[in-house]
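Source file: structure_36.txt; contents: compact mmCIF, C-alpha atoms and all ligand atoms.
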```
# COMPACT_ATOMS: atom_id res chain seq x y z
CA MET U 1 0.00 0.00 0.00
CA THR U 2 1.34 3.45 -0.93
CA ALA U 3 2.38 5.64 1.96
CA LEU U 4 0.46 8.92 2.35
CA ARG U 5 2.15 12.24 3.04
CA PHE U 6 0.73 15.24 4.89
CA SER U 7 2.60 18.39 5.77
CA GLY U 8 2.03 21.26 8.12
CA PRO U 9 2.04 22.21 11.79
CA VAL U 10 0.93 19.35 14.04
CA LEU U 11 -1.19 20.33 17.05
CA PRO U 12 -1.13 20.70 19.98
CA THR U 13 2.49 21.90 19.73
CA GLY U 14 2.16 23.37 16.23
CA GLU U 15 5.57 21.97 15.29
CA PRO U 16 5.81 21.83 11.44
CA ALA U 17 6.32 18.31 10.12
CA GLU U 18 6.13 15.97 7.18
CA LEU U 19 3.76 13.33 8.51
CA TYR U 20 3.50 10.00 6.72
CA VAL U 21 0.90 7.28 7.10
CA VAL U 22 2.03 3.70 6.63
CA GLY U 23 0.00 0.64 7.59
CA GLY U 24 -2.53 2.67 9.54
CA GLU U 25 0.14 4.35 11.65
CA VAL U 26 1.86 7.71 11.80
CA THR U 27 5.55 7.91 10.97
CA TYR U 28 7.94 10.82 10.50
CA GLU U 29 10.43 8.68 8.62
CA ARG U 30 10.69 9.85 5.02
CA GLN U 31 8.79 7.55 2.65
CA PRO U 32 10.09 7.87 -0.93
CA GLY U 33 7.22 7.56 -3.41
CA ALA U 34 4.57 8.56 -0.86
CA GLU U 35 1.38 10.05 -2.27
CA SER U 36 1.11 13.69 -1.23
CA VAL U 37 -2.42 14.15 0.15
CA ALA U 38 -2.83 17.48 1.92
CA GLU U 39 -1.12 20.43 3.50
CA GLY U 40 -2.50 22.26 6.49
CA TRP U 41 -2.90 22.21 10.23
CA ILE U 42 -2.95 18.62 11.49
CA VAL U 43 -5.06 17.87 14.58
CA PRO U 44 -5.35 14.52 16.43
CA GLY U 45 -8.76 12.99 15.59
CA LEU U 46 -11.58 14.85 17.30
CA VAL U 47 -13.55 13.23 20.10
CA ASP U 48 -17.27 13.56 20.73
CA ALA U 49 -17.56 12.61 24.40
CA HIS U 50 -21.36 12.76 24.48
CA CYS U 51 -23.13 11.54 21.39
CA HIS U 52 -25.92 9.01 20.72
CA ILE U 53 -25.53 6.86 17.64
CA GLY U 54 -28.71 4.91 16.97
CA LEU U 55 -31.05 7.32 18.73
CA ASP U 56 -33.48 9.88 17.36
CA ALA U 57 -36.30 11.88 18.91
CA HIS U 58 -38.50 8.77 19.10
CA GLY U 59 -36.05 6.14 20.36
CA ALA U 60 -33.94 3.60 18.51
CA THR U 61 -33.21 4.28 14.84
CA THR U 62 -32.72 1.71 12.11
CA ASP U 63 -29.18 0.50 11.41
CA GLU U 64 -29.19 2.58 8.20
CA GLN U 65 -30.02 5.76 10.13
CA ALA U 66 -27.37 4.98 12.73
CA GLU U 67 -24.85 4.51 9.93
CA ALA U 68 -25.75 7.92 8.47
CA GLN U 69 -25.31 9.50 11.94
CA ALA U 70 -21.89 7.90 12.36
CA ILE U 71 -20.82 9.09 8.90
CA ALA U 72 -22.00 12.64 9.68
CA ASP U 73 -19.99 12.59 12.93
CA ARG U 74 -16.92 11.27 11.11
CA ASP U 75 -17.18 13.86 8.35
CA GLY U 76 -17.35 16.52 11.07
CA GLY U 77 -13.97 15.26 12.31
CA ALA U 78 -15.17 13.14 15.27
CA LEU U 79 -13.14 9.95 14.91
CA LEU U 80 -13.62 8.71 18.48
CA ILE U 81 -17.07 8.74 20.03
CA ARG U 82 -18.16 8.01 23.57
CA ASP U 83 -21.76 7.06 23.04
CA ALA U 84 -23.72 8.39 26.03
CA GLY U 85 -26.54 5.86 25.79
CA SER U 86 -28.38 4.31 22.89
CA ALA U 87 -31.49 2.20 22.56
CA LEU U 88 -29.97 0.49 19.50
CA ASP U 89 -27.33 -2.23 19.69
CA THR U 90 -24.52 -0.53 17.75
CA ARG U 91 -21.77 -3.10 18.27
CA TRP U 92 -21.65 -3.60 14.49
CA VAL U 93 -20.33 -0.04 14.09
CA GLN U 94 -17.09 -1.28 15.66
CA GLU U 95 -16.62 -3.81 12.84
CA ARG U 96 -16.66 -1.06 10.23
CA GLU U 97 -13.26 0.34 9.24
CA ASP U 98 -14.89 3.44 7.73
CA LEU U 99 -16.88 4.47 10.83
CA PRO U 100 -15.56 6.30 13.92
CA ARG U 101 -14.13 4.37 16.83
CA LEU U 102 -16.98 3.88 19.27
CA ILE U 103 -17.07 3.47 23.05
CA ARG U 104 -20.60 2.39 23.98
CA CYS U 105 -22.44 3.02 27.25
CA GLY U 106 -25.19 0.47 26.60
CA ARG U 107 -28.71 1.76 27.15
CA HIS U 108 -29.53 4.61 29.55
CA VAL U 109 -30.93 3.55 32.92
CA ALA U 110 -33.69 5.91 34.13
CA ARG U 111 -36.52 6.00 36.68
CA SER U 112 -39.85 4.66 35.46
CA LYS U 113 -41.73 7.32 33.47
CA ARG U 114 -39.05 9.94 34.11
CA TYR U 115 -37.21 10.21 30.85
CA ILE U 116 -37.79 10.56 27.11
CA ARG U 117 -40.04 7.72 26.02
CA ASN U 118 -38.39 4.67 24.36
CA TYR U 119 -34.86 5.72 25.32
CA ALA U 120 -34.00 4.02 28.58
CA HIS U 121 -34.39 0.94 30.69
CA GLU U 122 -36.95 2.42 33.09
CA VAL U 123 -36.55 0.94 36.55
CA GLU U 124 -37.40 1.41 40.24
CA PRO U 125 -34.76 2.12 42.92
CA ALA U 126 -34.48 -1.52 44.07
CA GLU U 127 -33.62 -2.64 40.51
CA LEU U 128 -31.09 0.08 39.71
CA ALA U 129 -27.89 -1.71 40.80
CA ALA U 130 -28.81 -4.87 38.87
CA TYR U 131 -29.42 -2.85 35.70
CA ALA U 132 -26.15 -0.97 36.23
CA ALA U 133 -24.32 -4.31 36.41
CA GLN U 134 -26.15 -5.55 33.31
CA GLU U 135 -25.33 -2.48 31.21
CA ALA U 136 -21.74 -2.60 32.49
CA GLN U 137 -21.51 -6.01 30.82
CA HIS U 138 -23.16 -4.79 27.59
CA GLY U 139 -21.12 -1.61 27.15
CA ASP U 140 -17.50 -0.79 26.49
CA GLY U 141 -16.43 0.28 29.96
CA TRP U 142 -19.04 2.97 30.60
CA ILE U 143 -22.67 3.09 31.69
CA LYS U 144 -25.13 6.00 31.61
CA LEU U 145 -27.63 6.84 34.32
CA VAL U 146 -30.33 9.50 34.14
CA GLY U 147 -29.57 11.44 37.30
CA ASP U 148 -32.51 13.80 37.33
CA TRP U 149 -35.62 14.63 35.34
CA VAL U 150 -38.91 16.40 35.85
CA SER U 151 -41.17 14.58 38.32
CA ARG U 152 -44.79 15.02 37.33
CA GLU U 153 -45.92 14.49 40.93
CA GLU U 154 -43.59 17.12 42.36
CA GLY U 155 -43.65 19.43 39.35
CA ASP U 156 -39.91 20.03 39.58
CA LEU U 157 -36.60 18.62 38.48
CA MET U 158 -35.89 15.79 40.95
CA PRO U 159 -33.16 13.19 41.46
CA SER U 160 -34.30 10.04 39.67
CA PHE U 161 -33.33 7.78 42.58
CA PRO U 162 -32.39 8.08 46.26
CA ALA U 163 -28.67 8.68 46.85
CA GLU U 164 -28.22 5.16 48.33
CA ALA U 165 -29.63 3.55 45.18
CA PHE U 166 -27.24 5.60 43.00
CA ALA U 167 -24.32 4.66 45.26
CA ALA U 168 -25.17 0.95 44.97
CA ALA U 169 -25.41 1.28 41.17
CA ILE U 170 -22.04 3.03 40.92
CA GLU U 171 -20.47 0.33 43.09
CA ALA U 172 -22.04 -2.43 40.98
CA ALA U 173 -20.79 -0.88 37.71
CA HIS U 174 -17.30 -0.39 39.13
CA GLU U 175 -17.25 -4.03 40.27
CA HIS U 176 -17.96 -4.98 36.65
CA GLY U 177 -15.13 -2.77 35.42
CA ALA U 178 -17.29 0.03 34.01
CA LYS U 179 -17.15 3.74 34.70
CA VAL U 180 -20.36 5.63 35.33
CA THR U 181 -21.70 8.87 33.99
CA ALA U 182 -25.05 10.56 34.57
CA HIS U 183 -27.33 13.12 33.01
CA CYS U 184 -27.66 15.90 35.62
CA PHE U 185 -29.36 19.25 35.05
CA GLY U 186 -30.18 20.22 38.66
CA GLU U 187 -28.34 20.68 41.96
CA HIS U 188 -29.86 18.04 44.23
CA VAL U 189 -28.63 14.89 42.54
CA LEU U 190 -25.00 15.97 42.37
CA PRO U 191 -23.59 15.67 45.93
CA GLY U 192 -24.67 12.03 46.27
CA LEU U 193 -23.31 11.02 42.87
CA ILE U 194 -19.98 12.80 43.26
CA ARG U 195 -19.42 11.50 46.79
CA ALA U 196 -20.31 7.97 45.65
CA GLY U 197 -17.43 8.15 43.17
CA ILE U 198 -19.19 8.73 39.85
CA ASP U 199 -16.64 9.14 37.05
CA CYS U 200 -18.27 11.86 34.96
CA ILE U 201 -21.15 14.32 35.01
CA GLU U 202 -23.08 15.21 31.83
CA HIS U 203 -24.46 18.77 31.50
CA GLY U 204 -23.72 19.65 35.16
CA THR U 205 -25.59 22.98 35.20
CA GLY U 206 -26.40 22.56 38.92
CA LEU U 207 -22.78 22.46 40.11
CA SER U 208 -21.66 24.62 43.00
CA THR U 209 -18.20 25.72 44.14
CA ASP U 210 -17.82 23.08 46.86
CA LEU U 211 -18.79 20.27 44.46
CA ILE U 212 -16.43 21.62 41.81
CA ASP U 213 -13.58 21.39 44.33
CA GLU U 214 -14.64 17.85 45.17
CA MET U 215 -14.66 16.91 41.48
CA VAL U 216 -11.12 18.21 41.11
CA ALA U 217 -9.97 16.25 44.18
CA ARG U 218 -11.60 13.04 42.93
CA GLY U 219 -10.80 13.48 39.24
CA THR U 220 -14.48 13.52 38.24
CA ALA U 221 -14.89 14.70 34.64
CA LEU U 222 -17.47 17.13 33.27
CA VAL U 223 -19.01 17.14 29.80
CA PRO U 224 -20.96 20.41 29.81
CA THR U 225 -22.76 19.97 26.43
CA VAL U 226 -23.12 23.72 25.95
CA MET U 227 -25.19 23.32 22.77
CA GLN U 228 -27.66 21.23 24.80
CA THR U 229 -27.90 23.80 27.62
CA ASP U 230 -28.44 26.46 24.90
CA LYS U 231 -31.84 24.77 24.51
CA PHE U 232 -32.95 25.37 28.12
CA PRO U 233 -35.13 28.38 27.14
CA GLU U 234 -37.15 25.94 24.99
CA TYR U 235 -37.68 23.68 28.03
CA VAL U 236 -38.56 26.72 30.14
CA ALA U 237 -41.25 27.71 27.63
CA ALA U 238 -42.53 24.16 27.13
CA GLY U 239 -42.93 23.58 30.89
CA ALA U 240 -44.28 27.01 31.87
CA GLU U 241 -47.93 26.05 32.02
CA ARG U 242 -47.91 22.50 33.41
CA PHE U 243 -44.78 22.67 35.55
CA PRO U 244 -44.15 26.32 36.54
CA VAL U 245 -41.72 25.43 39.35
CA TYR U 246 -39.68 23.23 37.01
CA SER U 247 -39.80 25.95 34.38
CA ARG U 248 -38.41 28.59 36.77
CA HIS U 249 -35.80 26.11 37.97
CA MET U 250 -34.57 25.48 34.40
CA ASP U 251 -34.51 29.22 33.77
CA ASP U 252 -32.35 29.75 36.86
CA LEU U 253 -29.96 26.97 35.79
CA TYR U 254 -29.75 28.53 32.33
CA ARG U 255 -28.86 31.94 33.75
CA ARG U 256 -26.08 30.51 35.92
CA ARG U 257 -24.57 28.12 33.41
CA ARG U 258 -21.71 30.33 32.21
CA GLU U 259 -20.67 31.04 35.80
CA VAL U 260 -20.73 27.28 36.56
CA ILE U 261 -18.66 26.29 33.52
CA MET U 262 -16.08 29.00 34.09
CA ALA U 263 -15.81 28.16 37.81
CA ALA U 264 -15.23 24.51 36.87
CA HIS U 265 -12.66 25.51 34.29
CA ALA U 266 -10.85 27.87 36.67
CA ALA U 267 -10.75 25.17 39.37
CA GLY U 268 -9.27 22.67 36.92
CA VAL U 269 -12.14 20.20 36.45
CA ALA U 270 -11.31 17.83 33.57
CA MET U 271 -13.72 19.00 30.90
CA TYR U 272 -14.55 17.35 27.58
CA ALA U 273 -16.63 18.30 24.55
CA GLY U 274 -19.89 16.53 23.81
CA SER U 275 -22.27 17.53 21.03
CA ASP U 276 -25.22 15.49 22.37
CA GLY U 277 -25.86 14.49 18.76
CA GLY U 278 -28.81 12.11 18.50
CA GLY U 279 -32.18 12.55 20.14
CA VAL U 280 -33.07 16.16 19.40
CA SER U 281 -29.64 17.40 18.23
CA ALA U 282 -27.92 17.00 14.89
CA HIS U 283 -24.97 14.68 14.36
CA GLY U 284 -21.72 15.90 12.84
CA ASN U 285 -21.42 19.05 14.90
CA ILE U 286 -18.57 18.58 17.35
CA ALA U 287 -17.15 21.79 15.84
CA GLY U 288 -20.24 23.64 17.11
CA GLU U 289 -19.60 22.42 20.66
CA VAL U 290 -15.94 23.47 20.63
CA ILE U 291 -17.01 26.91 19.42
CA ALA U 292 -19.78 27.06 22.06
CA MET U 293 -17.29 26.18 24.84
CA HIS U 294 -14.98 28.91 23.59
CA GLU U 295 -17.86 31.38 23.51
CA MET U 296 -18.59 30.49 27.16
CA GLY U 297 -15.08 31.71 27.93
CA LEU U 298 -12.69 28.76 27.58
CA PRO U 299 -9.47 29.63 25.75
CA ALA U 300 -9.41 28.13 22.23
CA SER U 301 -6.65 25.67 23.14
CA ASP U 302 -8.66 24.34 26.11
CA ALA U 303 -11.86 24.09 24.07
CA LEU U 304 -10.09 22.24 21.24
CA GLY U 305 -8.05 20.10 23.65
CA ALA U 306 -11.37 19.09 25.26
CA ALA U 307 -12.38 17.67 21.87
CA SER U 308 -9.01 16.28 20.81
CA TRP U 309 -5.75 15.53 22.61
CA ARG U 310 -7.03 15.72 26.20
CA ALA U 311 -10.20 13.80 25.46
CA ARG U 312 -8.29 11.13 23.56
CA ALA U 313 -5.98 10.56 26.53
CA TRP U 314 -8.97 10.44 28.91
CA LEU U 315 -10.59 7.69 26.83
CA GLY U 316 -7.39 5.67 26.60
CA TRP U 317 -6.25 6.63 23.10
CA ASN U 318 -3.12 8.35 21.84
CA ALA U 319 -3.29 12.02 22.78
CA THR U 320 -0.79 13.17 20.20
CA LEU U 321 0.37 12.05 16.78
CA ASP U 322 3.65 10.52 17.90
CA GLU U 323 5.68 8.02 15.88
CA GLY U 324 3.65 4.79 15.65
CA ALA U 325 0.35 6.34 16.79
CA PRO U 326 -2.82 5.18 15.03
CA ALA U 327 -3.31 7.49 12.04
CA ASP U 328 -6.54 9.22 13.10
CA PHE U 329 -6.37 12.93 12.38
CA VAL U 330 -7.98 15.87 10.64
CA VAL U 331 -6.28 18.46 8.43
CA TYR U 332 -7.56 22.06 8.33
CA PRO U 333 -6.67 24.89 5.95
CA ARG U 334 -5.93 27.35 8.81
CA ASN U 335 -4.86 27.18 12.44
CA PRO U 336 -7.99 26.25 14.42
CA LEU U 337 -6.50 27.89 17.51
CA ASP U 338 -6.72 31.24 15.70
CA ASP U 339 -10.15 30.55 14.23
CA LEU U 340 -12.19 27.64 15.58
CA GLY U 341 -14.67 28.19 12.73
CA VAL U 342 -12.24 26.33 10.47
CA LEU U 343 -13.25 23.12 12.30
CA ARG U 344 -16.32 23.17 10.04
CA GLU U 345 -14.19 22.91 6.88
CA PRO U 346 -11.70 20.05 7.15
CA THR U 347 -9.40 19.59 4.16
CA ALA U 348 -8.90 15.89 4.89
CA VAL U 349 -10.15 13.37 7.44
CA VAL U 350 -7.94 10.34 8.05
CA LEU U 351 -9.27 7.38 10.03
CA ARG U 352 -7.28 4.17 10.67
CA GLY U 353 -4.76 5.38 8.11
CA ARG U 354 -7.29 5.83 5.31
CA ARG U 355 -8.56 9.09 3.92
CA VAL U 356 -12.32 9.03 4.55
CA GLY U 357 -13.17 12.66 3.88
ZN ZN U 401 -27.36 13.02 25.65
```
Mind turning this structure into structure tokens?
Ligand SMILES: [Zn+2]
Amino acid sequence: MTALRFSGPVLPTGEPAELYVVGGEVTYERQPGAESVAEGWIVPGLVDAHCHIGLDAHGATTDEQAEAQAIADRDGGALLIRDAGSALDTRWVQEREDLPRLIRCGRHVARSKRYIRNYAHEVEPAELAAYAAQEAQHGDGWIKLVGDWVSREEGDLMPSFPAEAFAAAIEAAHEHGAKVTAHCFGEHVLPGLIRAGIDCIEHGTGLSTDLIDEMVARGTALVPTVMQTDKFPEYVAAGAERFPVYSRHMDDLYRRRREVIMAAHAAGVAMYAGSDGGGVSAHGNIAGEVIAMHEMGLPASDALGAASWRARAWLGWNATLDEGAPADFVVYPRNPLDDLGVLREPTAVVLRGRRVG
């Protein structure tokens, strides 16, 4: 197979290089006769740390729709995806050389009647730990819990389960070798989850200073899904009549979200980019999330690192394009650190050593 040649500054250092791809791996050893493919800024394959392949607004998609979602994500530069819960069995995606690398969470585990219909295993507190253990065995080292949701009885955002039930579920997943993450919009669910050793918080709009410090001490990650929290005004409007308390609560969380994200960033919480593609959001838009994180106030290098080198290391992949690293990278016509908008126009996308876009 002919070697491929790329040239340009390689991020995160920006060191100019002639980068070759041979046998699916990166090498900087000169390859005579290599096919020159592209010049530009070379970035380690982007990561979407919160995405749902195989899910649309109504539940599980068909395999064909899931394939189209994965291709859209890949073409947007996301070459490694942590799937944050899917009602479809997407193991087959991992057999496909042309689709992004996929780390599955299995199916969401939620409280009965307290989540989007057809998405989750809906269970009662006594069953939670058993389902956590089950999904730990179905997934790829992660499970996804729905931490809080609107309770129709109480008319407000409420923790889905008592803190003891969450703690037992986290322990059960850890015993089966899986990390745990949870959807959390509000404040009340967070102390119990963080103190029980949860590995990651999704959305996290209800975080407070003391919990942020605890996350730093414990190494708990945060995926703030800024494009998802951009939608809170829609939830505020939709809930205003039936659930006025919930609606005001969501409005308050929305108003404080920038302060929360920037406090977490300043304290040093490990933060990663997640588009929340699937369900109600479009696939293929990890660029939009990096831009949204930057607009919240994160420096461009932190926002891009949260979707590339730092996220790759967090998920157990090569952070940087060192000699011998898997050849997963994206080439851009300009330096994304000067203009994150260029993330929407990749010149070349290389996955497993093959140009796919
Ligand atoms: Zn999600």
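In this comparison, which uses all atoms listed in the file, the residue of U:Val10, U:Cys184, U:Ala130, U:Leu340 approaching Trp41 of chain U most closely is U:Val10.
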task: Around ligand ZN 401 (chain U), at most 9 Å away and counting all atoms listed in the file, which residues are there? Put them as a list in words, please.
output: His50, Cys51, His52, Asp83, Ala84, Gly85, His183, Glu202, His203, Thr225, Gln228, Gly274, Ser275, Asp276, Gly277, Gly278, Gly279 and Ser281 of chain U
query: Can you tell me, as an NGL selection string, what residues are no more than 8 Å from segment 234-251 of chain U when counting all atoms listed in the file, ignoring any on the same chain fewer than 6 positions away?
result: :U and (150 or 152 or 155-157)
query: What is the distance between atom CA of Leu80 of chain U and atom CA of Gly45 of chain U, in Å to one decimal?
result: 7.1 Å
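Between atom CA of Arg352 of chain U and atom CA of Asp328 of chain U the separation is 5.7 Å.
Here the question is which of U:Gly288, U:Glu323, U:Gly139, U:Glu64 gets nearest to Glu18 of chain U using all atoms listed in the file, and that residue is U:Glu323.
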message: Between U:Arg114, U:His138, U:Lys231, U:Arg310, which residue has the minimum interatomic distance to Ala273 of chain U, considering all atoms listed in the file?
response: U:Arg310
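If you count only C-alpha atoms and ignore residues fewer than 3 places along the chain from segment 19-21 of chain U, what sits within 8 Å of it is Ala3, Leu4, Arg5, Phe6, Ser7, Gly24, Glu25, Val26, Thr27, Tyr28, Glu29, Arg30, Gln31, Ala34, Ala327 and Gly353 of chain U.
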- prompt: Excluding same-chain residues fewer than 4 positions from Leu102 of chain U, what lies within 9 Å of it counting all atoms listed in the file, as a PyMOL selection string?
  reply: chain U and resi 79-83+90-91+93-94+140
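For the pair atom CA of Glu214 of chain U and atom CA of Asp252 of chain U, the interatomic distance is 22.9 Å.
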Could you please give me, as a PDB file with C-alpha atoms, in the coordinates of the input, the residues of protein, DNA or RNA lying at most 10 Å from (-23.8, -2.3, 28.6) in the coordinate frame of the file, considering only C-alpha atoms?
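Ended up saving to out_4.pdb:
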```
ATOM      1  CA  GLY U  85     -26.540   5.860  25.790  1.00  0.00           C
ATOM      2  CA  SER U  86     -28.380   4.310  22.890  1.00  0.00           C
ATOM      3  CA  ASP U  89     -27.330  -2.230  19.690  1.00  0.00           C
ATOM      4  CA  ARG U 104     -20.600   2.390  23.980  1.00  0.00           C
ATOM      5  CA  CYS U 105     -22.440   3.020  27.250  1.00  0.00           C
ATOM      6  CA  GLY U 106     -25.190   0.470  26.600  1.00  0.00           C
ATOM      7  CA  ARG U 107     -28.710   1.760  27.150  1.00  0.00           C
ATOM      8  CA  HIS U 108     -29.530   4.610  29.550  1.00  0.00           C
ATOM      9  CA  TYR U 131     -29.420  -2.850  35.700  1.00  0.00           C
ATOM     10  CA  ALA U 132     -26.150  -0.970  36.230  1.00  0.00           C
ATOM     11  CA  ALA U 133     -24.320  -4.310  36.410  1.00  0.00           C
ATOM     12  CA  GLN U 134     -26.150  -5.550  33.310  1.00  0.00           C
ATOM     13  CA  GLU U 135     -25.330  -2.480  31.210  1.00  0.00           C
ATOM     14  CA  ALA U 136     -21.740  -2.600  32.490  1.00  0.00           C
ATOM     15  CA  GLN U 137     -21.510  -6.010  30.820  1.00  0.00           C
ATOM     16  CA  HIS U 138     -23.160  -4.790  27.590  1.00  0.00           C
ATOM     17  CA  GLY U 139     -21.120  -1.610  27.150  1.00  0.00           C
ATOM     18  CA  ASP U 140     -17.500  -0.790  26.490  1.00  0.00           C
ATOM     19  CA  GLY U 141     -16.430   0.280  29.960  1.00  0.00           C
ATOM     20  CA  TRP U 142     -19.040   2.970  30.600  1.00  0.00           C
ATOM     21  CA  ILE U 143     -22.670   3.090  31.690  1.00  0.00           C
ATOM     22  CA  LYS U 144     -25.130   6.000  31.610  1.00  0.00           C
ATOM     23  CA  ALA U 173     -20.790  -0.880  37.710  1.00  0.00           C
ATOM     24  CA  ALA U 178     -17.290   0.030  34.010  1.00  0.00           C
TER      25      ALA U 178
END
```
Of the listed residues U:Leu253, U:Met227, U:Val180, U:Leu193, that which approaches His294 of chain U most closely, counting all atoms listed in the file: U:Met227
